[in-house]
>>> print(open('target24.tsv').read())   # TSV, C-alpha atoms
chain	number	residue	atom	x	y	z
A	46	MET	CA	31.80	12.63	-4.45
A	47	SER	CA	32.81	14.58	-1.33
A	48	ASP	CA	31.44	13.74	2.11
A	49	LEU	CA	29.52	17.03	2.17
A	50	THR	CA	27.91	16.31	-1.20
A	51	SER	CA	27.09	12.75	-0.12
A	52	TYR	CA	25.38	13.93	3.05
A	53	ALA	CA	23.48	16.64	1.17
A	54	LEU	CA	22.20	14.10	-1.36
A	55	ILE	CA	21.16	11.65	1.38
A	56	PHE	CA	19.28	14.38	3.24
A	57	LEU	CA	17.55	15.53	0.05
A	58	VAL	CA	16.49	11.99	-0.86
A	59	VAL	CA	15.22	11.35	2.68
A	60	PHE	CA	13.23	14.58	2.59
A	61	LEU	CA	11.63	13.90	-0.81
A	62	ALA	CA	10.91	10.22	-0.11
A	63	ASN	CA	9.29	10.96	3.23
A	64	THR	CA	7.28	13.81	1.75
A	65	ALA	CA	5.76	11.27	-0.65
A	66	SER	CA	5.34	8.77	2.17
A	67	SER	CA	3.64	11.33	4.43
A	68	LEU	CA	1.27	12.30	1.61
A	69	THR	CA	0.21	8.73	0.80
A	70	GLY	CA	1.15	6.57	3.80
A	71	PHE	CA	3.83	4.45	2.17
A	72	GLY	CA	6.88	4.39	-0.07
A	73	GLY	CA	9.58	6.25	1.84
A	74	THR	CA	12.02	3.41	2.36
A	75	ILE	CA	11.70	1.78	-1.04
A	76	LEU	CA	11.94	5.11	-2.87
A	77	ALA	CA	15.06	6.21	-0.99
A	78	LEU	CA	16.90	2.90	-0.67
A	79	PRO	CA	18.45	2.50	-4.15
A	80	ILE	CA	20.01	5.99	-4.10
A	81	VAL	CA	21.08	5.98	-0.44
A	82	ALA	CA	22.50	2.46	-0.79
A	83	MET	CA	24.67	3.60	-3.71
A	84	ILE	CA	26.19	6.27	-1.47
A	85	ILE	CA	26.72	4.45	1.84
A	86	GLY	CA	26.12	0.78	1.06
A	87	LEU	CA	23.08	-1.42	1.59
A	88	LYS	CA	23.96	-2.64	5.10
A	89	VAL	CA	24.19	0.91	6.43
A	90	ALA	CA	21.31	2.32	4.38
A	91	VAL	CA	18.62	-0.19	5.40
A	92	PRO	CA	18.69	0.48	9.19
A	93	VAL	CA	18.99	4.24	8.64
A	94	LEU	CA	15.91	4.30	6.41
A	95	VAL	CA	13.91	1.87	8.55
A	96	ILE	CA	14.45	4.21	11.51
A	97	GLN	CA	13.18	7.13	9.39
A	98	ALA	CA	10.12	5.10	8.42
A	99	TRP	CA	9.51	4.28	12.08
A	100	VAL	CA	9.76	7.94	13.11
A	101	LEU	CA	7.46	9.02	10.28
A	102	ALA	CA	4.90	6.34	11.17
A	103	VAL	CA	4.92	7.39	14.83
A	104	CYS	CA	4.19	10.98	13.78
A	105	ILE	CA	1.38	10.08	11.37
A	106	VAL	CA	-0.26	7.64	13.79
A	107	SER	CA	-0.04	10.14	16.63
A	108	GLU	CA	-1.61	12.86	14.49
A	109	ALA	CA	-4.38	10.81	12.80
A	110	ARG	CA	-4.96	7.73	15.00
A	111	ARG	CA	-8.72	8.34	15.09
A	112	HIS	CA	-8.88	7.33	11.41
A	113	ILE	CA	-7.18	3.91	11.81
A	114	SER	CA	-9.21	0.95	10.53
A	115	TRP	CA	-8.22	-1.49	13.26
A	116	ARG	CA	-9.95	-4.39	11.54
A	117	ASP	CA	-7.91	-3.95	8.37
A	118	TRP	CA	-4.74	-3.31	10.37
A	119	ALA	CA	-5.24	-6.57	12.28
A	120	LYS	CA	-5.91	-8.55	9.10
A	121	ILE	CA	-2.85	-7.13	7.35
A	122	VAL	CA	-0.53	-7.76	10.30
A	123	ILE	CA	-1.80	-11.31	10.93
A	124	PHE	CA	-1.31	-12.47	7.34
A	125	VAL	CA	1.99	-10.65	6.88
A	126	VAL	CA	3.35	-12.11	10.12
A	127	ILE	CA	2.30	-15.57	8.90
A	128	GLY	CA	4.44	-15.07	5.81
A	129	LEU	CA	7.45	-13.45	7.52
A	130	PRO	CA	9.07	-16.63	8.97
A	131	VAL	CA	8.73	-18.38	5.62
A	132	GLY	CA	10.55	-15.51	3.93
A	133	ILE	CA	13.29	-15.51	6.55
A	134	LEU	CA	13.84	-19.24	5.99
A	135	LEU	CA	13.88	-18.81	2.20
A	136	ALA	CA	16.16	-15.76	2.22
A	137	ASP	CA	19.30	-17.77	1.47
A	138	THR	CA	17.73	-20.11	-1.08
A	139	VAL	CA	15.48	-17.96	-3.29
A	140	PRO	CA	17.28	-15.85	-5.94
A	141	GLU	CA	16.77	-12.21	-5.01
A	142	ASN	CA	17.04	-10.34	-8.30
A	143	PRO	CA	14.59	-12.44	-10.41
A	144	LEU	CA	12.00	-12.18	-7.63
A	145	LYS	CA	12.50	-8.41	-7.41
A	146	VAL	CA	12.07	-8.11	-11.17
A	147	ALA	CA	8.84	-10.11	-11.07
A	148	LEU	CA	7.55	-8.11	-8.12
A	149	GLY	CA	8.56	-4.82	-9.76
A	150	LEU	CA	6.82	-5.66	-13.06
A	151	PHE	CA	3.66	-6.82	-11.28
A	152	THR	CA	3.56	-3.70	-9.10
A	153	LEU	CA	4.25	-1.45	-12.09
A	154	GLY	CA	1.31	-3.00	-13.93
A	155	VAL	CA	-1.04	-2.57	-10.97
A	156	GLY	CA	0.11	1.02	-10.51
A	157	ALA	CA	-0.36	1.87	-14.19
A	158	TYR	CA	-3.83	0.33	-14.18
A	159	GLY	CA	-4.72	2.29	-11.05
A	160	VAL	CA	-3.61	5.57	-12.63
A	161	VAL	CA	-5.77	5.18	-15.75
A	162	ARG	CA	-8.87	3.38	-14.41
A	163	PRO	CA	-11.95	5.26	-13.15
A	164	MET	CA	-11.77	6.13	-9.46
A	165	PRO	CA	-14.49	4.71	-7.17
A	166	GLY	CA	-16.09	6.92	-4.56
A	167	ALA	CA	-14.32	7.48	-1.27
A	168	ASP	CA	-17.24	6.02	0.67
A	169	SER	CA	-17.38	2.77	-1.33
A	170	ARG	CA	-15.52	0.07	0.55
A	171	GLU	CA	-14.85	-2.79	-1.83
A	172	ARG	CA	-16.44	-6.10	-0.86
A	173	LEU	CA	-13.41	-8.37	-0.64
A	174	VAL	CA	-15.29	-11.64	-0.95
A	175	GLY	CA	-15.06	-14.70	-3.17
A	176	TRP	CA	-12.01	-15.22	-5.36
A	177	LYS	CA	-11.17	-11.52	-5.28
A	178	GLY	CA	-11.04	-11.46	-1.50
A	179	ARG	CA	-8.97	-14.64	-1.36
A	180	ALA	CA	-6.53	-13.32	-3.97
A	181	LEU	CA	-6.02	-10.02	-2.17
A	182	THR	CA	-5.64	-11.77	1.19
A	183	ALA	CA	-3.07	-14.09	-0.39
A	184	LEU	CA	-1.15	-10.98	-1.49
A	185	LEU	CA	-0.72	-10.10	2.18
A	186	ALA	CA	0.82	-13.48	2.99
A	187	VAL	CA	3.05	-13.31	-0.10
A	188	GLY	CA	4.00	-9.77	0.92
A	189	GLY	CA	5.04	-11.17	4.31
A	190	VAL	CA	7.19	-13.83	2.64
A	191	VAL	CA	8.88	-11.30	0.37
A	192	HIS	CA	9.32	-8.86	3.25
A	193	GLY	CA	10.88	-11.55	5.42
A	194	ALA	CA	13.29	-12.54	2.66
A	195	PHE	CA	14.26	-9.19	1.13
A	196	ALA	CA	12.39	-6.43	3.08
A	197	THR	CA	10.59	-5.39	-0.13
A	198	GLY	CA	7.10	-6.79	0.39
A	199	GLY	CA	5.50	-3.41	1.01
A	200	PRO	CA	4.04	-2.90	-2.50
A	201	LEU	CA	1.97	-6.08	-2.22
A	202	ILE	CA	0.58	-4.93	1.13
A	203	VAL	CA	-0.25	-1.53	-0.37
A	204	ILE	CA	-2.13	-3.17	-3.26
A	205	TYR	CA	-4.44	-4.77	-0.69
A	206	GLY	CA	-4.86	-1.43	1.07
A	207	THR	CA	-5.81	0.40	-2.13
A	208	ARG	CA	-8.77	-1.97	-2.59
A	209	ALA	CA	-9.86	-2.29	1.05
A	210	LEU	CA	-9.44	1.30	2.26
A	211	ARG	CA	-11.24	3.93	0.18
A	212	ASP	CA	-10.97	7.02	2.36
A	213	LYS	CA	-7.62	8.74	1.88
A	214	SER	CA	-7.01	9.47	5.57
A	215	VAL	CA	-8.02	5.95	6.64
A	216	PHE	CA	-5.69	4.48	4.02
A	217	ARG	CA	-2.77	6.71	5.02
A	218	VAL	CA	-2.89	6.16	8.75
A	219	THR	CA	-3.79	2.45	8.58
A	220	MET	CA	-0.82	1.84	6.30
A	221	SER	CA	1.34	3.89	8.65
A	222	MET	CA	0.15	1.84	11.64
A	223	THR	CA	1.09	-1.29	9.68
A	224	TRP	CA	4.63	-0.02	9.00
A	225	LEU	CA	4.95	1.08	12.62
A	226	THR	CA	4.08	-2.44	13.78
A	227	LEU	CA	6.35	-4.27	11.33
A	228	ASN	CA	9.29	-1.89	11.76
A	229	THR	CA	9.02	-2.04	15.55
A	230	ILE	CA	9.41	-5.83	15.29
A	231	LEU	CA	12.35	-5.40	12.92
A	232	LEU	CA	14.11	-2.79	15.07
A	233	ALA	CA	13.57	-4.89	18.22
A	234	GLN	CA	15.25	-7.84	16.51
A	235	TRP	CA	18.22	-5.68	15.51
A	236	LEU	CA	18.54	-4.28	19.03
A	237	VAL	CA	18.45	-7.74	20.61
A	238	ARG	CA	21.10	-8.97	18.16
A	239	GLY	CA	23.23	-5.85	18.61
A	240	ALA	CA	23.05	-5.26	14.87
A	241	LEU	CA	22.71	-1.47	15.03
A	242	THR	CA	26.07	0.30	14.94
A	243	GLY	CA	27.13	3.73	16.14
A	244	PRO	CA	27.61	5.15	12.62
A	245	GLN	CA	24.17	3.91	11.58
A	246	LEU	CA	22.50	5.50	14.59
A	247	ARG	CA	24.38	8.79	14.15
A	248	LEU	CA	23.40	9.07	10.49
A	249	ALA	CA	19.80	8.11	11.35
A	250	ALA	CA	19.71	10.90	13.95
A	251	MET	CA	21.08	13.39	11.39
A	252	CYS	CA	18.35	12.39	8.92
A	253	ILE	CA	15.44	12.76	11.35
A	254	PRO	CA	15.01	16.57	10.87
A	255	PHE	CA	14.64	16.00	7.12
A	256	THR	CA	12.13	13.20	7.74
A	257	LEU	CA	10.12	15.54	9.97
A	258	ALA	CA	10.26	18.29	7.36
A	259	GLY	CA	8.99	15.81	4.74
A	260	MET	CA	6.28	14.72	7.15
A	261	ALA	CA	5.11	18.31	7.60
A	262	LEU	CA	5.01	19.04	3.86
A	263	GLY	CA	3.36	15.71	3.01
A	264	THR	CA	0.73	16.15	5.72
A	265	PHE	CA	-0.03	19.68	4.50
A	266	ALA	CA	-0.58	18.33	0.99
A	267	HIS	CA	-2.55	15.28	2.17
A	268	TYR	CA	-5.35	17.32	3.70
A	269	ARG	CA	-5.60	19.61	0.68
A	270	VAL	CA	-5.83	17.19	-2.23
A	271	ASN	CA	-9.16	15.66	-3.17
A	272	GLU	CA	-9.79	11.93	-3.16
A	273	VAL	CA	-9.29	11.43	-6.90
A	274	VAL	CA	-5.94	13.26	-6.91
A	275	PHE	CA	-4.91	11.32	-3.80
A	276	ARG	CA	-5.70	7.93	-5.39
A	277	ARG	CA	-3.76	8.90	-8.51
A	278	ALA	CA	-0.85	9.93	-6.27
A	279	VAL	CA	-0.98	6.58	-4.46
A	280	TYR	CA	-0.75	4.65	-7.71
A	281	ALA	CA	1.95	6.99	-9.03
A	282	VAL	CA	4.04	6.34	-5.90
A	283	LEU	CA	3.36	2.61	-6.33
A	284	MET	CA	4.74	2.84	-9.87
A	285	ALA	CA	7.78	4.77	-8.64
A	286	ALA	CA	8.38	2.09	-5.99
A	287	ALA	CA	8.18	-0.56	-8.71
A	288	VAL	CA	10.74	1.30	-10.81
A	289	MET	CA	13.07	1.53	-7.82
A	290	LEU	CA	12.70	-2.23	-7.26
A	291	LEU	CA	13.65	-2.87	-10.87
A	292	VAL	CA	16.60	-0.49	-10.62
A	293	SER	CA	17.88	-2.25	-7.51
A	294	ALA	CA	17.47	-5.66	-9.18
A	295	LEU	CA	18.97	-4.77	-12.55
A	296	GLY	CA	21.51	-2.13	-11.49
>>> encode(input="target24.tsv", output="structure tokens")
Amino acid sequence: MSDLTSYALIFLVVFLANTASSLTGFGGTILALPIVAMIIGLKVAVPVLVIQAWVLAVCIVSEARRHISWRDWAKIVIFVVIGLPVGILLADTVPENPLKVALGLFTLGVGAYGVVRPMPGADSRERLVGWKGRALTALLAVGGVVHGAFATGGPLIVIYGTRALRDKSVFRVTMSMTWLTLNTILLAQWLVRGALTGPQLRLAAMCIPFTLAGMALGTFAHYRVNEVVFRRAVYAVLMAAAVMLLVSALG
């Protein structure tokens, strides 16, 4: 594959992945990573895509910040941050591929169930109490552990969001505020360690126009789809993310 073809494919994948992410509020990095990593390698691809996710989140939060559910954002961040150090410590001891397969199959099942089940009303916030509330809260902590170990805990966080946040715009921007927070922490760590290289930053800068184009198209679609179509799209993207996890684990 020529350099020109490689760049064109990366830009196309970034555009499509961030269109989906702008529509729903999640999924850009995990959708793009398997393909981009095949072209430029995992170590280069991860920072490039995290920077795109950060830029996209800044744009969405700036445009729709009035819809953020700060209570849910705080709960998500607190429990994910609790799990992050555990995941970082376990990163070298827990086998990556079997965990990704298990996570991918679980997420695929949740996504498939979400696509076929009846959709609740947009104004019906689910009462996350009792065993259901504890189980969904535990998903956040587990998501933090997985994210700390392999940077793939996002689907578990999204599963919580799909049950706690019924309005499509609240879901989208609250998820985006979550990614903005977590990716700011991640990027700050890389900057302090000097882990970001010149080639990574140059490619990230080249990808930003395609991220912004995806953001514009996804935002246009977001405000024009009804709640039922939006929820189906969320679960469809969740299923696609699960497939990408399985591809990266089994490929």
>>> residues_around(input="target24.tsv", residues="region 80-90 of chain A", least_positions_apart="2", cutoff="6 Å", atoms="all atoms listed in the file", output="count of residues only")
6
>>> closest_atom_pairs(input="target24.tsv", of="region 72-172 of chain A", to="region 268-290 of chain A", cutoff="7 Å", atoms="all atoms listed in the file", output="JSON lines")
{"residue": "A:Gly72", "atom": "CA", "partner": "A:Ala286", "partner_atom": "CA", "distance": 6.5}
{"residue": "A:Ile75", "atom": "CA", "partner": "A:Ala286", "partner_atom": "CA", "distance": 6.0}
{"residue": "A:Leu76", "atom": "CA", "partner": "A:Ala286", "partner_atom": "CA", "distance": 5.6}
{"residue": "A:Pro79", "atom": "CA", "partner": "A:Met289", "partner_atom": "CA", "distance": 6.6}
{"residue": "A:Lys145", "atom": "CA", "partner": "A:Leu290", "partner_atom": "CA", "distance": 6.2}
{"residue": "A:Gly149", "atom": "CA", "partner": "A:Ala287", "partner_atom": "CA", "distance": 4.4}
{"residue": "A:Leu150", "atom": "CA", "partner": "A:Ala287", "partner_atom": "CA", "distance": 6.8}
{"residue": "A:Thr152", "atom": "CA", "partner": "A:Ala287", "partner_atom": "CA", "distance": 5.6}
{"residue": "A:Leu153", "atom": "CA", "partner": "A:Met284", "partner_atom": "CA", "distance": 4.9}
{"residue": "A:Gly156", "atom": "CA", "partner": "A:Tyr280", "partner_atom": "CA", "distance": 4.7}
{"residue": "A:Ala157", "atom": "CA", "partner": "A:Met284", "partner_atom": "CA", "distance": 6.8}
{"residue": "A:Gly159", "atom": "CA", "partner": "A:Tyr280", "partner_atom": "CA", "distance": 5.7}
{"residue": "A:Val160", "atom": "CA", "partner": "A:Arg277", "partner_atom": "CA", "distance": 5.3}
{"residue": "A:Met164", "atom": "CA", "partner": "A:Val273", "partner_atom": "CA", "distance": 6.4}
{"residue": "A:Ala167", "atom": "CA", "partner": "A:Glu272", "partner_atom": "CA", "distance": 6.6}
>>> residues_around(input="target24.tsv", residues="Gly128 (chain A)", least_positions_apart="5", cutoff="7 Å", atoms="all atoms listed in the file", output="list of chain:residue names")
A:Ala186, A:Val187, A:Gly189, A:Val190
>>> atom_distance(input="target24.tsv", atom1="CA of Leu231 (chain A)", atom2="CA of Asp137 (chain A)")
18.2 Å
>>> closest_residue(input="target24.tsv", among="A:Met220, A:Val203, A:Ala53, A:Leu185", to="Trp118 (chain A)", atoms="all atoms listed in the file")
A:Met220
>>> atom_distance(input="target24.tsv", atom1="CA of Val58 (chain A)", atom2="CA of Val106 (chain A)")
22.7 Å
>>> atom_distance(input="target24.tsv", atom1="CA of Ile230 (chain A)", atom2="CA of Phe60 (chain A)")
24.3 Å
>>> residues_around(input="target24.tsv", residues="Ala183 (chain A)", least_positions_apart="5", cutoff="12 Å", atoms="only C-alpha atoms", output="PDB file with C-alpha atoms, keeping the file's coordinate frame")
ATOM      1  CA  LYS A 120      -5.910  -8.550   9.100  1.00  0.00           C
ATOM      2  CA  ILE A 121      -2.850  -7.130   7.350  1.00  0.00           C
ATOM      3  CA  ILE A 123      -1.800 -11.310  10.930  1.00  0.00           C
ATOM      4  CA  PHE A 124      -1.310 -12.470   7.340  1.00  0.00           C
ATOM      5  CA  VAL A 125       1.990 -10.650   6.880  1.00  0.00           C
ATOM      6  CA  ILE A 127       2.300 -15.570   8.900  1.00  0.00           C
ATOM      7  CA  GLY A 128       4.440 -15.070   5.810  1.00  0.00           C
ATOM      8  CA  LEU A 173     -13.410  -8.370  -0.640  1.00  0.00           C
ATOM      9  CA  TRP A 176     -12.010 -15.220  -5.360  1.00  0.00           C
ATOM     10  CA  LYS A 177     -11.170 -11.520  -5.280  1.00  0.00           C
ATOM     11  CA  GLY A 178     -11.040 -11.460  -1.500  1.00  0.00           C
ATOM     12  CA  GLY A 188       4.000  -9.770   0.920  1.00  0.00           C
ATOM     13  CA  GLY A 189       5.040 -11.170   4.310  1.00  0.00           C
ATOM     14  CA  VAL A 190       7.190 -13.830   2.640  1.00  0.00           C
ATOM     15  CA  LEU A 201       1.970  -6.080  -2.220  1.00  0.00           C
ATOM     16  CA  ILE A 202       0.580  -4.930   1.130  1.00  0.00           C
ATOM     17  CA  ILE A 204      -2.130  -3.170  -3.260  1.00  0.00           C
ATOM     18  CA  TYR A 205      -4.440  -4.770  -0.690  1.00  0.00           C
TER      19      TYR A 205
END
>>> residues_around(input="target24.tsv", residues="Ser221 (chain A)", least_positions_apart="5", cutoff="9 Å", atoms="all atoms listed in the file", output="list of chain:residue names")
A:Ser67, A:Gly70, A:Phe71, A:Ala98, A:Trp99, A:Leu101, A:Ala102, A:Val103, A:Ile105, A:Val106, A:Phe216, A:Thr226
>>> closest_residue(input="target24.tsv", among="A:Met222, A:Leu227, A:Cys252, A:His192", to="Cys104 (chain A)", atoms="only C-alpha atoms")
A:Met222
>>> axis_aligned_box(input="target24.tsv", around="region 143-159 of chain A", padding_each_side="5 Å", output="JSON")
{"center_x": 4.9, "center_y": -5.1, "center_z": -10.8, "size_x": 29.3, "size_y": 24.7, "size_z": 16.8}
>>> closest_residue(input="target24.tsv", among="A:Ala109, A:Leu225, A:Leu181, A:Ala266", to="Gly206 (chain A)", atoms="all atoms listed in the file")
A:Leu181
